[in-house]
Amino acid sequence: MIQPQFARIVIDPEVESSTLVEAIRRNARDVEIVVEPTSEFAAGTRHLSLTEGKRLLLVRRFQGRAFKLCQGWKPNYACCNLHTLAEANNCSMECTYCILQFYMNTPHLTLFGNLEDIQREIAEVTERDPERIHRIGTGELSDSLLLDPLAESTAHMVPFFRSLANGVLELKTKTDNIDGLLAQDGGERTVVSWSVNPEVVVARDELKTAPLAARLAAASRVAEAGYPVGFHLDPMIYHDGWETTYPKLVDQLLDAVPAERIAWISMGSLRFPPEMKPTMETRFPGSRLLTGELIRGDDGKYHYVRPLRTEMYRAVLKRLRERVGSDRPGPVAYLCMEPPEVWKRVFGESPTNAELEFKFAESYARRFKRADLPQPKQERYEAFAAATAAEQGVFVPVDELRSVAK
């Protein structure tokens with residue numbers, strides 16, 4: 001089990017009586033817990049390094065809207081229209097490529113304690129658009145299961161998503177913290193996803209995470225317990241022998257979890273903004289991550305050259321198709337943060353956002369019957385994609401979506 005080693009946990013008075021704080025008080029052993037306003041805590045942590053800050057946890061109220069379109073959405077990219085949910089910020093694990101070491105402006109971990117408010121927001125949005133299946137992920141700015149042994153958030157989120165008419169929760173992790181999930185029935189409304197890489201990459205660049213074998217063992221157990229599983233080969237890292245290790249990784253995934261229980265498999269490659277490079281070099285001077293051939297892409301980030309990315313994706317997709325075959329239902333395979341040209345070179349075609357989101361919805365509703373989701377109607381996904389594109393990625397109220405659909 002992966003657990004952060006906190007030196008101190010600070011509770012903002014606004015959330016002192018929340019259900020998550022009650023769990024933290026039960027589970028935090030030999031850790032100092034204090035009640036202190038967020039403003040006072042923040043003033044005393046600004047001088048800390050990222051490494052020092054990871055030993056502190058702040059539990060506070062989330063201000064604003066916690067539910068939004070994935071930040072990966074960009075014009076002219078094929079996007080699956082995943083929505084994200086803010087449950088926590090930052091992570092105690094140390095992946096050399098992690099965008100959080102550049103993106104976060106505070107060094108400590110934050111957990112948002114007003115869970116009931118966040119759930120109310122989700123319910124309001126999903127109820128207003130009942131004909132769409134809403135896929136909602138929590139692992140954008142933290143690991144979805146990292147704090148679960150401490151805060152027990154899945155004990156509240158898993159049954160909550162079972163109560164919704166049209167919501168699917170994705171928990172994305174690099175841990176093996178699954179005890180909380182195994183203690184309940186997800187009703188196929190919660191997908192447990194693992195970010196994976198060959199063990200040589202895990203050992204070198206995914207520090208303080210669960211080993212690959214532990215992640216796959218955990219994936220096997222939750223699949224046996226009735227949860228759909230997802231895998232994210234993202235970011236794929238160039239290394240000597242990748243032509244062998246990545247197809248082998250596909251074999252390892254399918255040996256651990258039957259294709260019928262895998263909801264989706266994504267592929268993406270190393271990418272980061274130029275401003276992040278000095279931070280990576282300072283924090284991980286022994287890393288060989290930056291020695292590959294990297295170029296600036298249209299999005300301004302460093303990427304591997306397009307022919308290399310394409311070759312890596314094709315190798316994974318080829319092995320996946322060989323293993324799954326055409327005679328049984330398999331996972332939705334897709335690319336993350338890639339332009340249409342790369343989609344066409346890998347899959348032979350580039351879907352629109354509406355086509356890709358509808359593909360997810362249709363596949364999930366058909367394959368995971370216990371979820372009891374509404375039958376997807378493609379026009380609803382087309383309407384949402386059109387409105388989202390018009391607003392250039394800004395969340396569009398459902399009333400406006402309906403006006404587009406008319």
# chains A, B, ... in the order shown; residues from 1 in each chain; ligands from 1
$ select_by_dssp --residues "stretch 142-258 of chain A" --states "strand (DSSP E or B)" --output "list of chain:residue names"
A:Gly167, A:Val168, A:Leu169, A:Glu170, A:Leu171, A:Lys172, A:Thr173, A:Thr190, A:Val191, A:Val192, A:Ser193, A:Trp194, A:Ser195, A:Glu206, A:Leu207, A:Val229, A:Gly230, A:Phe231, A:His232, A:Leu233, A:Asp234, A:Pro235, A:Met236
$ closest_atom_pairs --of "stretch 230-261 of chain A" --to "stretch 178-196 of chain A" --cutoff "6 Å" --atoms "only C-alpha atoms" --output "JSON lines"
{"residue": "A:Gly230", "atom": "CA", "partner": "A:Ser193", "partner_atom": "CA", "distance": 4.1}
{"residue": "A:Phe231", "atom": "CA", "partner": "A:Trp194", "partner_atom": "CA", "distance": 5.0}
{"residue": "A:His232", "atom": "CA", "partner": "A:Ser195", "partner_atom": "CA", "distance": 4.6}
{"residue": "A:Leu233", "atom": "CA", "partner": "A:Val196", "partner_atom": "CA", "distance": 5.3}
$ residues_around --residues "A:Leu207" --least-positions-apart "2" --cutoff "12 Å" --atoms "only C-alpha atoms" --output "list in words"
Ile2, Cys91, Ser92, Met93, Glu94, Cys95, Thr96, Tyr97, Cys98, Lys174, Thr175, Glu199, Val200, Val201, Val202, Ala203, Arg204, Asp205, Thr209, Ala210, Pro211, Leu212, Phe284 and Ser287 of chain A
$ closest_residue --among "A:Met312, A:Ile122, A:Leu216, A:Leu150" --to "A:Arg135" --atoms "only C-alpha atoms"
A:Ile122
$ select_by_dssp --residues "stretch 255-315 of chain A" --states "helix (DSSP H, G or I)" --output "MDAnalysis selection string"
chainID A and resid 255:256 259:261 274:283 289:291 306:315
$ atom_distance --atom1 "atom CA of A:Pro376" --atom2 "atom CA of A:Ala86"
26.2 Å
$ residues_around --residues "A:Val342" --least-positions-apart "5" --cutoff "9 Å" --atoms "only C-alpha atoms" --output "PDB file with N, CA and C atoms, in the first residue's frame"
ATOM      1  N   ARG A 306       7.183  13.332 -34.207  1.00  0.00           N
ATOM      2  CA  ARG A 306       5.925  12.668 -34.570  1.00  0.00           C
ATOM      3  C   ARG A 306       6.118  11.247 -35.111  1.00  0.00           C
ATOM      4  N   PRO A 307       7.118  10.979 -35.964  1.00  0.00           N
ATOM      5  CA  PRO A 307       7.284   9.590 -36.431  1.00  0.00           C
ATOM      6  C   PRO A 307       7.545   8.603 -35.292  1.00  0.00           C
ATOM      7  N   ARG A 309       6.559   8.920 -32.044  1.00  0.00           N
ATOM      8  CA  ARG A 309       5.315   8.732 -31.303  1.00  0.00           C
ATOM      9  C   ARG A 309       4.385   7.786 -32.055  1.00  0.00           C
ATOM     10  N   THR A 310       4.265   8.017 -33.346  1.00  0.00           N
ATOM     11  CA  THR A 310       3.381   7.181 -34.150  1.00  0.00           C
ATOM     12  C   THR A 310       3.819   5.722 -34.105  1.00  0.00           C
ATOM     13  N   LEU A 335      -6.112   7.888 -28.282  1.00  0.00           N
ATOM     14  CA  LEU A 335      -4.937   8.703 -28.040  1.00  0.00           C
ATOM     15  C   LEU A 335      -5.317   9.910 -27.193  1.00  0.00           C
ATOM     16  N   PHE A 347      -4.621   5.036 -36.351  1.00  0.00           N
ATOM     17  CA  PHE A 347      -5.894   4.331 -36.474  1.00  0.00           C
ATOM     18  C   PHE A 347      -6.460   4.338 -37.892  1.00  0.00           C
ATOM     19  N   SER A 350      -9.416   9.935 -37.999  1.00  0.00           N
ATOM     20  CA  SER A 350      -9.407  10.827 -36.850  1.00  0.00           C
ATOM     21  C   SER A 350     -10.851  11.171 -36.492  1.00  0.00           C
TER      22      SER A 350
END
$ closest_residue --among "A:Ala256, A:Lys369, A:Gln378, A:Met276" --to "A:Ala214" --atoms "only C-alpha atoms"
A:Ala256
$ residues_around --residues "A:Tyr77" --least-positions-apart "4" --cutoff "9 Å" --atoms "only C-alpha atoms" --output "PDB file with C-alpha atoms, in the first residue's frame"
ATOM      1  CA  TRP A  73      -9.356  19.765 -24.253  1.00  0.00           C
ATOM      2  CA  CYS A 336      -4.621  11.532 -25.549  1.00  0.00           C
ATOM      3  CA  MET A 337      -3.472  14.998 -26.572  1.00  0.00           C
ATOM      4  CA  GLU A 338      -2.637  14.167 -30.162  1.00  0.00           C
ATOM      5  CA  PRO A 339      -3.637  16.043 -33.349  1.00  0.00           C
ATOM      6  CA  PRO A 340      -5.712  14.491 -36.154  1.00  0.00           C
ATOM      7  CA  THR A 352     -14.490  14.219 -34.050  1.00  0.00           C
ATOM      8  CA  ASN A 353     -15.003  14.961 -30.359  1.00  0.00           C
TER       9      ASN A 353
END
$ residues_around --residues "A:Cys80" --least-positions-apart "6" --cutoff "8 Å" --atoms "only C-alpha atoms" --output "list in words"
Asn353, Ala354, Leu356, Glu357 and Phe360 of chain A
$ write_last_selection --atoms "N, CA and C atoms" --output "short mmCIF file (atom, residue, chain, number, x, y, z; two decimals), in the first residue's frame"
data_model
loop_
_atom_site.label_atom_id
_atom_site.label_comp_id
_atom_site.auth_asym_id
_atom_site.auth_seq_id
_atom_site.Cartn_x
_atom_site.Cartn_y
_atom_site.Cartn_z
N ASN A 353 -14.76 15.09 -31.80
CA ASN A 353 -15.00 14.96 -30.36
C ASN A 353 -16.32 14.24 -30.09
N ALA A 354 -17.35 14.59 -30.85
CA ALA A 354 -18.65 13.96 -30.65
C ALA A 354 -18.60 12.47 -30.95
N LEU A 356 -15.99 10.50 -30.79
CA LEU A 356 -15.19 9.80 -29.79
C LEU A 356 -15.96 9.66 -28.47
N GLU A 357 -16.60 10.72 -28.03
CA GLU A 357 -17.36 10.63 -26.78
C GLU A 357 -18.52 9.65 -26.92
N PHE A 360 -17.30 6.09 -26.60
CA PHE A 360 -17.13 5.72 -25.20
C PHE A 360 -18.48 5.34 -24.58
#
$ residues_around --residues "A:Asp240" --least-positions-apart "2" --cutoff "12 Å" --atoms "only C-alpha atoms" --output "list in words"
Pro198, Val200, Val201, Ile237, Tyr238, Trp242, Glu243, Thr244, Thr245, Tyr246, Arg288 and Gly292 of chain A
